[in-house]
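What follows is a short report on a single structure.
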Amino acid sequence: MARILLLEDDITLGDTLGELLESEGYEVVLVTHGQDVLDLTASQSFELMLFDVNVPDFNGFELLKLLRDTDNTTPCIFLTSLNDIASLSKGFEVGADDYLKKPFDFDELLVRIKAVLRKYFHTLDNEVKYKELLYKITTNELFDGTKLISLAPQEQKLLALFFKNINTTITKTELLFELNSENEASEGALRVYIAKLRKIGLEIETIKGTGYRLVRV
(Lines give C-alpha, C1' and ligand atoms only; values in the text may rest on other atoms or scores of the structure.)
Protein backbone atom coordinates (compact mmCIF):
# COMPACT_ATOMS: atom_id res chain seq x y z
CA MET A 1 0.00 0.00 0.00
CA ALA A 2 1.11 3.57 -0.60
CA ARG A 3 2.68 5.12 2.52
CA ILE A 4 1.58 8.63 3.48
CA LEU A 5 3.34 10.89 5.97
CA LEU A 6 0.70 13.14 7.54
CA LEU A 7 1.81 16.24 9.45
CA GLU A 8 -1.10 17.67 11.45
CA ASP A 9 -0.91 19.16 14.96
CA ASP A 10 -4.67 19.02 15.46
CA ILE A 11 -4.82 15.54 16.99
CA THR A 12 -8.55 15.07 16.36
CA LEU A 13 -8.29 16.04 12.71
CA GLY A 14 -5.11 14.03 12.26
CA ASP A 15 -6.65 10.89 13.74
CA THR A 16 -9.78 11.33 11.63
CA LEU A 17 -7.82 11.79 8.41
CA GLY A 18 -5.57 8.87 9.29
CA GLU A 19 -8.53 6.54 9.82
CA LEU A 20 -10.24 7.65 6.62
CA LEU A 21 -7.10 7.23 4.54
CA GLU A 22 -6.39 3.81 6.05
CA SER A 23 -9.95 2.76 5.20
CA GLU A 24 -9.05 3.58 1.57
CA GLY A 25 -6.04 1.24 1.68
CA TYR A 26 -3.24 3.69 2.49
CA GLU A 27 -0.67 3.25 5.24
CA VAL A 28 -0.54 6.47 7.27
CA VAL A 29 2.17 7.73 9.63
CA LEU A 30 0.81 10.67 11.65
CA VAL A 31 3.15 13.23 13.24
CA THR A 32 2.49 16.57 14.91
CA HIS A 33 5.84 18.42 14.72
CA GLY A 34 8.07 19.49 11.87
CA GLN A 35 11.10 17.87 13.50
CA ASP A 36 9.26 14.53 13.42
CA VAL A 37 9.12 14.82 9.64
CA LEU A 38 12.84 15.48 9.35
CA ASP A 39 13.64 12.54 11.63
CA LEU A 40 11.39 10.12 9.75
CA THR A 41 12.36 11.13 6.22
CA ALA A 42 16.02 10.68 7.11
CA SER A 43 15.45 6.95 7.59
CA GLN A 44 12.17 6.07 5.87
CA SER A 45 10.53 6.61 2.51
CA PHE A 46 6.98 7.58 1.63
CA GLU A 47 4.94 7.82 -1.55
CA LEU A 48 3.22 11.05 -0.43
CA MET A 49 3.38 13.74 2.25
CA LEU A 50 0.38 15.74 3.54
CA PHE A 51 1.45 18.85 5.46
CA ASP A 52 -0.42 21.35 7.58
CA VAL A 53 1.39 24.71 7.53
CA ASN A 54 1.08 26.10 11.06
CA VAL A 55 2.81 23.37 13.06
CA PRO A 56 5.47 23.35 15.84
CA ASP A 57 9.25 23.51 15.13
CA PHE A 58 9.00 24.58 11.49
CA ASN A 59 6.06 25.82 9.51
CA GLY A 60 5.11 23.59 6.61
CA PHE A 61 6.63 25.91 4.01
CA GLU A 62 10.02 25.97 5.76
CA LEU A 63 9.89 22.24 6.24
CA LEU A 64 9.21 21.40 2.61
CA LYS A 65 11.93 23.78 1.45
CA LEU A 66 14.40 22.01 3.75
CA LEU A 67 13.40 18.66 2.26
CA ARG A 68 13.58 19.88 -1.33
CA ASP A 69 17.00 21.44 -0.66
CA THR A 70 18.23 17.98 0.37
CA ASP A 71 16.85 16.45 -2.85
CA ASN A 72 13.78 14.86 -1.28
CA THR A 73 11.33 14.68 -4.20
CA THR A 74 8.45 12.92 -2.40
CA PRO A 75 5.22 14.54 -3.62
CA CYS A 76 3.59 16.85 -1.09
CA ILE A 77 0.10 18.33 -0.68
CA PHE A 78 -0.49 21.19 1.74
CA LEU A 79 -3.68 21.01 3.82
CA THR A 80 -4.14 24.41 5.43
CA SER A 81 -6.58 27.09 6.52
CA LEU A 82 -4.35 29.72 4.87
CA ASN A 83 -6.37 30.77 1.85
CA ASP A 84 -4.70 33.96 0.62
CA ILE A 85 -2.94 34.12 -2.74
CA ALA A 86 0.44 34.84 -1.13
CA SER A 87 0.28 31.62 0.90
CA LEU A 88 -0.88 29.64 -2.12
CA SER A 89 2.00 31.05 -4.15
CA LYS A 90 4.49 30.31 -1.36
CA GLY A 91 3.33 26.72 -1.14
CA PHE A 92 4.04 26.03 -4.79
CA GLU A 93 7.25 28.07 -4.71
CA VAL A 94 8.79 25.75 -2.09
CA GLY A 95 7.88 22.64 -4.06
CA ALA A 96 4.31 21.59 -3.27
CA ASP A 97 2.47 19.43 -5.78
CA ASP A 98 -0.98 20.58 -4.66
CA TYR A 99 -2.61 22.88 -2.12
CA LEU A 100 -5.98 22.19 -0.50
CA LYS A 101 -7.73 24.77 1.67
CA LYS A 102 -9.44 23.77 4.93
CA PRO A 103 -12.20 22.88 5.43
CA PHE A 104 -12.14 20.44 2.54
CA ASP A 105 -14.23 17.52 1.40
CA PHE A 106 -12.57 14.17 2.04
CA ASP A 107 -13.59 12.86 -1.39
CA GLU A 108 -11.83 15.85 -2.96
CA LEU A 109 -8.68 15.02 -0.99
CA LEU A 110 -8.79 11.45 -2.31
CA VAL A 111 -9.11 12.69 -5.88
CA ARG A 112 -6.11 14.97 -5.43
CA ILE A 113 -4.03 12.24 -3.77
CA LYS A 114 -4.69 9.85 -6.64
CA ALA A 115 -3.87 12.54 -9.20
CA VAL A 116 -0.53 13.36 -7.56
CA LEU A 117 0.41 9.68 -7.26
CA ARG A 118 -0.46 9.08 -10.92
CA LYS A 119 1.83 11.92 -11.92
CA TYR A 120 4.73 10.38 -10.03
CA PHE A 121 4.06 6.99 -11.57
CA HIS A 122 3.90 8.62 -15.04
CA THR A 123 0.41 7.38 -15.87
CA LEU A 124 -3.07 8.84 -16.32
CA ASP A 125 -4.62 5.80 -14.67
CA ASN A 126 -4.49 4.27 -11.21
CA GLU A 127 -2.81 1.20 -12.68
CA VAL A 128 0.38 0.42 -14.57
CA LYS A 129 0.43 -2.45 -17.06
CA TYR A 130 3.67 -4.35 -17.43
CA LYS A 131 3.67 -7.34 -19.79
CA GLU A 132 0.99 -9.65 -18.35
CA LEU A 133 1.19 -7.96 -14.96
CA LEU A 134 -0.93 -5.17 -13.51
CA TYR A 135 0.41 -2.86 -10.78
CA LYS A 136 -2.13 -0.94 -8.67
CA ILE A 137 -0.68 2.34 -7.47
CA THR A 138 -2.82 3.20 -4.45
CA THR A 139 -2.59 -0.26 -2.87
CA ASN A 140 0.94 -1.13 -4.08
CA GLU A 141 -0.27 -4.53 -5.28
CA LEU A 142 0.80 -6.60 -8.28
CA PHE A 143 -1.56 -8.90 -10.16
CA ASP A 144 -1.01 -11.60 -12.74
CA GLY A 145 -4.37 -11.48 -14.47
CA THR A 146 -6.82 -11.53 -11.56
CA LYS A 147 -4.42 -13.30 -9.20
CA LEU A 148 -2.75 -11.20 -6.50
CA ILE A 149 0.98 -11.93 -6.30
CA SER A 150 2.11 -12.42 -2.72
CA LEU A 151 5.07 -10.18 -1.83
CA ALA A 152 6.92 -9.51 1.42
CA PRO A 153 6.80 -5.91 2.73
CA GLN A 154 10.39 -5.23 1.62
CA GLU A 155 9.63 -6.55 -1.86
CA GLN A 156 6.60 -4.26 -2.04
CA LYS A 157 8.79 -1.27 -1.21
CA LEU A 158 11.14 -2.10 -4.06
CA LEU A 159 8.20 -2.75 -6.36
CA ALA A 160 6.85 0.77 -5.83
CA LEU A 161 10.27 2.33 -6.34
CA PHE A 162 10.86 0.45 -9.60
CA PHE A 163 7.44 1.32 -11.01
CA LYS A 164 7.98 4.99 -10.17
CA ASN A 165 11.28 4.87 -12.05
CA ILE A 166 10.70 2.61 -15.05
CA ASN A 167 13.67 2.70 -17.42
CA THR A 168 15.69 4.75 -14.92
CA THR A 169 18.73 3.41 -13.10
CA ILE A 170 18.27 3.31 -9.31
CA THR A 171 21.46 3.19 -7.30
CA LYS A 172 22.14 0.55 -4.67
CA THR A 173 22.25 3.34 -2.09
CA GLU A 174 18.71 4.43 -2.98
CA LEU A 175 17.44 0.86 -2.92
CA LEU A 176 19.03 0.11 0.44
CA PHE A 177 17.61 3.34 1.86
CA GLU A 178 14.17 2.12 0.77
CA LEU A 179 14.67 -1.11 2.66
CA ASN A 180 16.20 0.37 5.82
CA SER A 181 12.98 1.91 7.14
CA GLU A 182 12.32 -1.17 9.25
CA ASN A 183 15.64 -2.94 9.67
CA GLU A 184 19.16 -3.04 8.40
CA ALA A 185 19.39 -4.33 4.83
CA SER A 186 22.49 -5.70 3.17
CA GLU A 187 23.40 -5.93 -0.50
CA GLY A 188 22.93 -9.67 -0.15
CA ALA A 189 19.34 -9.21 1.00
CA LEU A 190 18.76 -6.73 -1.80
CA ARG A 191 19.91 -9.30 -4.37
CA VAL A 192 17.46 -11.84 -2.92
CA TYR A 193 14.55 -9.39 -3.23
CA ILE A 194 15.57 -8.46 -6.78
CA ALA A 195 15.72 -12.15 -7.71
CA LYS A 196 12.15 -12.62 -6.42
CA LEU A 197 10.87 -9.69 -8.49
CA ARG A 198 12.63 -11.03 -11.57
CA LYS A 199 11.09 -14.46 -11.01
CA ILE A 200 7.56 -13.05 -11.15
CA GLY A 201 8.24 -11.32 -14.46
CA LEU A 202 9.92 -7.95 -13.89
CA GLU A 203 12.82 -7.36 -16.28
CA ILE A 204 15.31 -5.77 -13.90
CA GLU A 205 18.76 -5.13 -15.33
CA THR A 206 21.89 -5.02 -13.21
CA ILE A 207 23.83 -1.84 -13.95
CA LYS A 208 27.34 -2.89 -13.00
CA GLY A 209 28.87 -0.81 -10.24
CA THR A 210 25.76 1.38 -9.93
CA GLY A 211 22.46 -0.34 -9.27
CA TYR A 212 19.44 -1.71 -11.09
CA ARG A 213 16.92 -0.63 -13.72
CA LEU A 214 13.40 -1.90 -14.48
CA VAL A 215 13.27 -2.08 -18.26
CA ARG A 216 10.24 -0.63 -20.03
CA VAL A 217 8.46 -3.22 -22.18
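Ligands are numbered from 1 in the order shown, chains are lettered A, B, ... in the order of the C-alpha coordinates, and residues start at 1 in each chain.
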Inset, instruction - Would you mind listing what lies within 9 Å of segment 4-12 of chain A as a ChimeraX atom specification, with only C-alpha atoms counted and same-chain residues fewer than 2 positions away left out? - result: /A:2,14-18,21,26-34,36-37,40,46-56,60,79
Inset, instruction - Write out as a ChimeraX atom specification which residues come within 12 Å of Pro75 of chain A when counting only C-alpha atoms, dropping same-chain ones fewer than 3 positions away. - result: /A:3-5,45-51,64,67-68,71-72,78,92,94-99,112-121,164
Inset, instruction - To one decimal in Å, tell me the separation between atom CA of Leu13 of chain A and atom CA of Asn59 of chain A. - result: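 The value is 17.7 Å.
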Inset, instruction - Find, counting only C-alpha atoms, the residue in A:Leu100, A:Ala189, A:Ile204, A:Leu124 that gets nearest to Ile170 of chain A. - result: A:Ile204
Inset, instruction - Output as a ChimeraX atom specification all residues of segment 6-216 of chain A that backbone DSSP marks as helix (DSSP H, G or I). - result: /A:11-23,34-41,60-69,85-93,106-120,153-164,172-179,187-199
Inset, instruction - Select, from A:Cys76, A:Ile194, A:Leu161, A:Ile137, the residue with the minimum atom-to-atom distance to Asp125 of chain A, counting only C-alpha atoms. - result: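 Using only C-alpha atoms, Asp125 of chain A sits closest to A:Ile137.
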Inset, instruction - List the neighbours of Leu176 of chain A out to 12 Å using only C-alpha atoms; skip same-chain residues closer than 4 positions along the sequence, and give me the result as number ranges by chain. - result: A: 43-45, 154-155, 157-158, 161, 170-172, 180-191, 193-194, 211-212
Could you give me the residues within segment 43-113 of chain A that DSSP places in strand (DSSP E or B), as a PDB file with N, CA and C atoms, in the first residue's frame?
ATOM      1  N   LEU A  48       3.895   9.751  -0.448  1.00  0.00           N
ATOM      2  CA  LEU A  48       3.223  11.050  -0.432  1.00  0.00           C
ATOM      3  C   LEU A  48       3.338  11.667   0.953  1.00  0.00           C
ATOM      4  N   MET A  49       3.400  13.008   0.998  1.00  0.00           N
ATOM      5  CA  MET A  49       3.376  13.740   2.255  1.00  0.00           C
ATOM      6  C   MET A  49       2.194  14.707   2.238  1.00  0.00           C
ATOM      7  N   LEU A  50       1.474  14.781   3.356  1.00  0.00           N
ATOM      8  CA  LEU A  50       0.385  15.742   3.538  1.00  0.00           C
ATOM      9  C   LEU A  50       0.779  16.637   4.703  1.00  0.00           C
ATOM     10  N   PHE A  51       0.948  17.929   4.438  1.00  0.00           N
ATOM     11  CA  PHE A  51       1.449  18.852   5.463  1.00  0.00           C
ATOM     12  C   PHE A  51       0.443  19.948   5.792  1.00  0.00           C
ATOM     13  N   CYS A  76       4.138  16.261  -2.308  1.00  0.00           N
ATOM     14  CA  CYS A  76       3.588  16.854  -1.090  1.00  0.00           C
ATOM     15  C   CYS A  76       2.345  17.687  -1.409  1.00  0.00           C
ATOM     16  N   ILE A  77       1.324  17.517  -0.586  1.00  0.00           N
ATOM     17  CA  ILE A  77       0.105  18.331  -0.679  1.00  0.00           C
ATOM     18  C   ILE A  77      -0.050  19.097   0.627  1.00  0.00           C
ATOM     19  N   PHE A  78      -0.229  20.400   0.540  1.00  0.00           N
ATOM     20  CA  PHE A  78      -0.492  21.194   1.741  1.00  0.00           C
ATOM     21  C   PHE A  78      -1.990  21.168   2.055  1.00  0.00           C
ATOM     22  N   LEU A  79      -2.308  20.946   3.322  1.00  0.00           N
ATOM     23  CA  LEU A  79      -3.682  21.013   3.823  1.00  0.00           C
ATOM     24  C   LEU A  79      -3.712  22.121   4.858  1.00  0.00           C
ATOM     25  N   THR A  80      -4.291  23.261   4.543  1.00  0.00           N
ATOM     26  CA  THR A  80      -4.144  24.413   5.427  1.00  0.00           C
ATOM     27  C   THR A  80      -5.336  25.351   5.371  1.00  0.00           C
ATOM     28  N   ASP A  98       0.421  20.138  -4.694  1.00  0.00           N
ATOM     29  CA  ASP A  98      -0.976  20.577  -4.659  1.00  0.00           C
ATOM     30  C   ASP A  98      -1.196  21.320  -3.351  1.00  0.00           C
ATOM     31  N   TYR A  99      -2.325  22.008  -3.260  1.00  0.00           N
ATOM     32  CA  TYR A  99      -2.611  22.875  -2.118  1.00  0.00           C
ATOM     33  C   TYR A  99      -4.121  22.839  -1.907  1.00  0.00           C
ATOM     34  N   LEU A 100      -4.550  22.340  -0.768  1.00  0.00           N
ATOM     35  CA  LEU A 100      -5.976  22.188  -0.497  1.00  0.00           C
ATOM     36  C   LEU A 100      -6.350  23.002   0.735  1.00  0.00           C
ATOM     37  N   LYS A 101      -7.341  23.862   0.592  1.00  0.00           N
ATOM     38  CA  LYS A 101      -7.727  24.767   1.673  1.00  0.00           C
ATOM     39  C   LYS A 101      -8.735  24.106   2.604  1.00  0.00           C
TER      40      LYS A 101
END
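All residues of protein, DNA or RNA that reach within 8 Å of Phe163 of chain A, judged by only C-alpha atoms and not counting those fewer than 2 positions away in the chain, are Phe121, Val128, Leu159, Ala160, Leu161, Asn165, Ile166 and Leu214 of chain A.
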May I have the selected residues written with all heavy atoms, as a CSV table (one decimal), in the first residue's frame?
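File written: selection08.csv
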chain,number,residue,atom,x,y,z
A,121,PHE,N,3.9,8.3,-10.9
A,121,PHE,CA,4.1,7.0,-11.6
A,121,PHE,C,4.0,7.1,-13.1
A,121,PHE,O,3.9,6.1,-13.8
A,121,PHE,CB,3.0,6.0,-11.0
A,121,PHE,CG,3.4,5.4,-9.7
A,121,PHE,CD1,3.0,6.0,-8.5
A,121,PHE,CD2,4.1,4.2,-9.6
A,121,PHE,CE1,3.3,5.5,-7.3
A,121,PHE,CE2,4.4,3.7,-8.4
A,121,PHE,CZ,4.0,4.3,-7.2
A,128,VAL,N,-0.7,0.5,-13.6
A,128,VAL,CA,0.4,0.4,-14.6
A,128,VAL,C,0.4,-1.0,-15.1
A,128,VAL,O,0.5,-2.0,-14.4
A,128,VAL,CB,1.7,0.8,-13.9
A,128,VAL,CG1,2.9,0.7,-15.0
A,128,VAL,CG2,1.7,2.2,-13.3
A,159,LEU,N,9.1,-2.7,-5.2
A,159,LEU,CA,8.2,-2.8,-6.4
A,159,LEU,C,7.7,-1.3,-6.7
A,159,LEU,O,7.8,-0.9,-7.8
A,159,LEU,CB,7.0,-3.6,-6.0
A,159,LEU,CG,5.9,-3.8,-7.1
A,159,LEU,CD1,6.5,-4.7,-8.2
A,159,LEU,CD2,4.7,-4.5,-6.5
A,160,ALA,N,7.3,-0.6,-5.6
A,160,ALA,CA,6.8,0.8,-5.8
A,160,ALA,C,8.0,1.7,-6.4
A,160,ALA,O,7.7,2.5,-7.3
A,160,ALA,CB,6.3,1.3,-4.5
A,161,LEU,N,9.2,1.5,-5.9
A,161,LEU,CA,10.3,2.3,-6.3
A,161,LEU,C,10.6,2.0,-7.8
A,161,LEU,O,10.8,3.0,-8.6
A,161,LEU,CB,11.5,2.1,-5.5
A,161,LEU,CG,12.7,3.0,-5.7
A,161,LEU,CD1,12.3,4.5,-5.4
A,161,LEU,CD2,13.8,2.6,-4.8
A,165,ASN,N,10.1,4.5,-11.3
A,165,ASN,CA,11.3,4.9,-12.0
A,165,ASN,C,11.6,3.9,-13.2
A,165,ASN,O,12.7,3.5,-13.4
A,165,ASN,CB,12.5,4.9,-11.1
A,165,ASN,CG,12.3,5.9,-10.0
A,165,ASN,OD1,12.7,7.1,-10.2
A,165,ASN,ND2,11.9,5.5,-8.8
A,166,ILE,N,10.5,3.5,-13.9
A,166,ILE,CA,10.7,2.6,-15.1
A,166,ILE,C,11.7,3.2,-16.0
A,166,ILE,O,11.6,4.4,-16.4
A,166,ILE,CB,9.3,2.3,-15.7
A,166,ILE,CG1,8.4,1.5,-14.8
A,166,ILE,CG2,9.6,1.6,-17.0
A,166,ILE,CD1,7.1,1.2,-15.4
A,214,LEU,N,14.5,-1.2,-13.9
A,214,LEU,CA,13.4,-1.9,-14.5
A,214,LEU,C,13.2,-1.5,-15.9
A,214,LEU,O,13.0,-0.3,-16.2
A,214,LEU,CB,12.1,-1.6,-13.7
A,214,LEU,CG,10.8,-2.2,-14.2
A,214,LEU,CD1,10.9,-3.8,-14.2
A,214,LEU,CD2,9.6,-1.8,-13.3
Legend entry - Given only C-alpha atoms as the counted atoms, nearest of A:Glu178, A:Asp107, A:Asn83, A:Ala152 to Thr41 of chain A: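 Using only C-alpha atoms, Thr41 of chain A sits closest to A:Glu178.
Counting only C-alpha atoms and comparing A:Thr168, A:Leu202, A:Phe106, A:Leu82, the residue that lies closest to Leu133 of chain A is A:Leu202.
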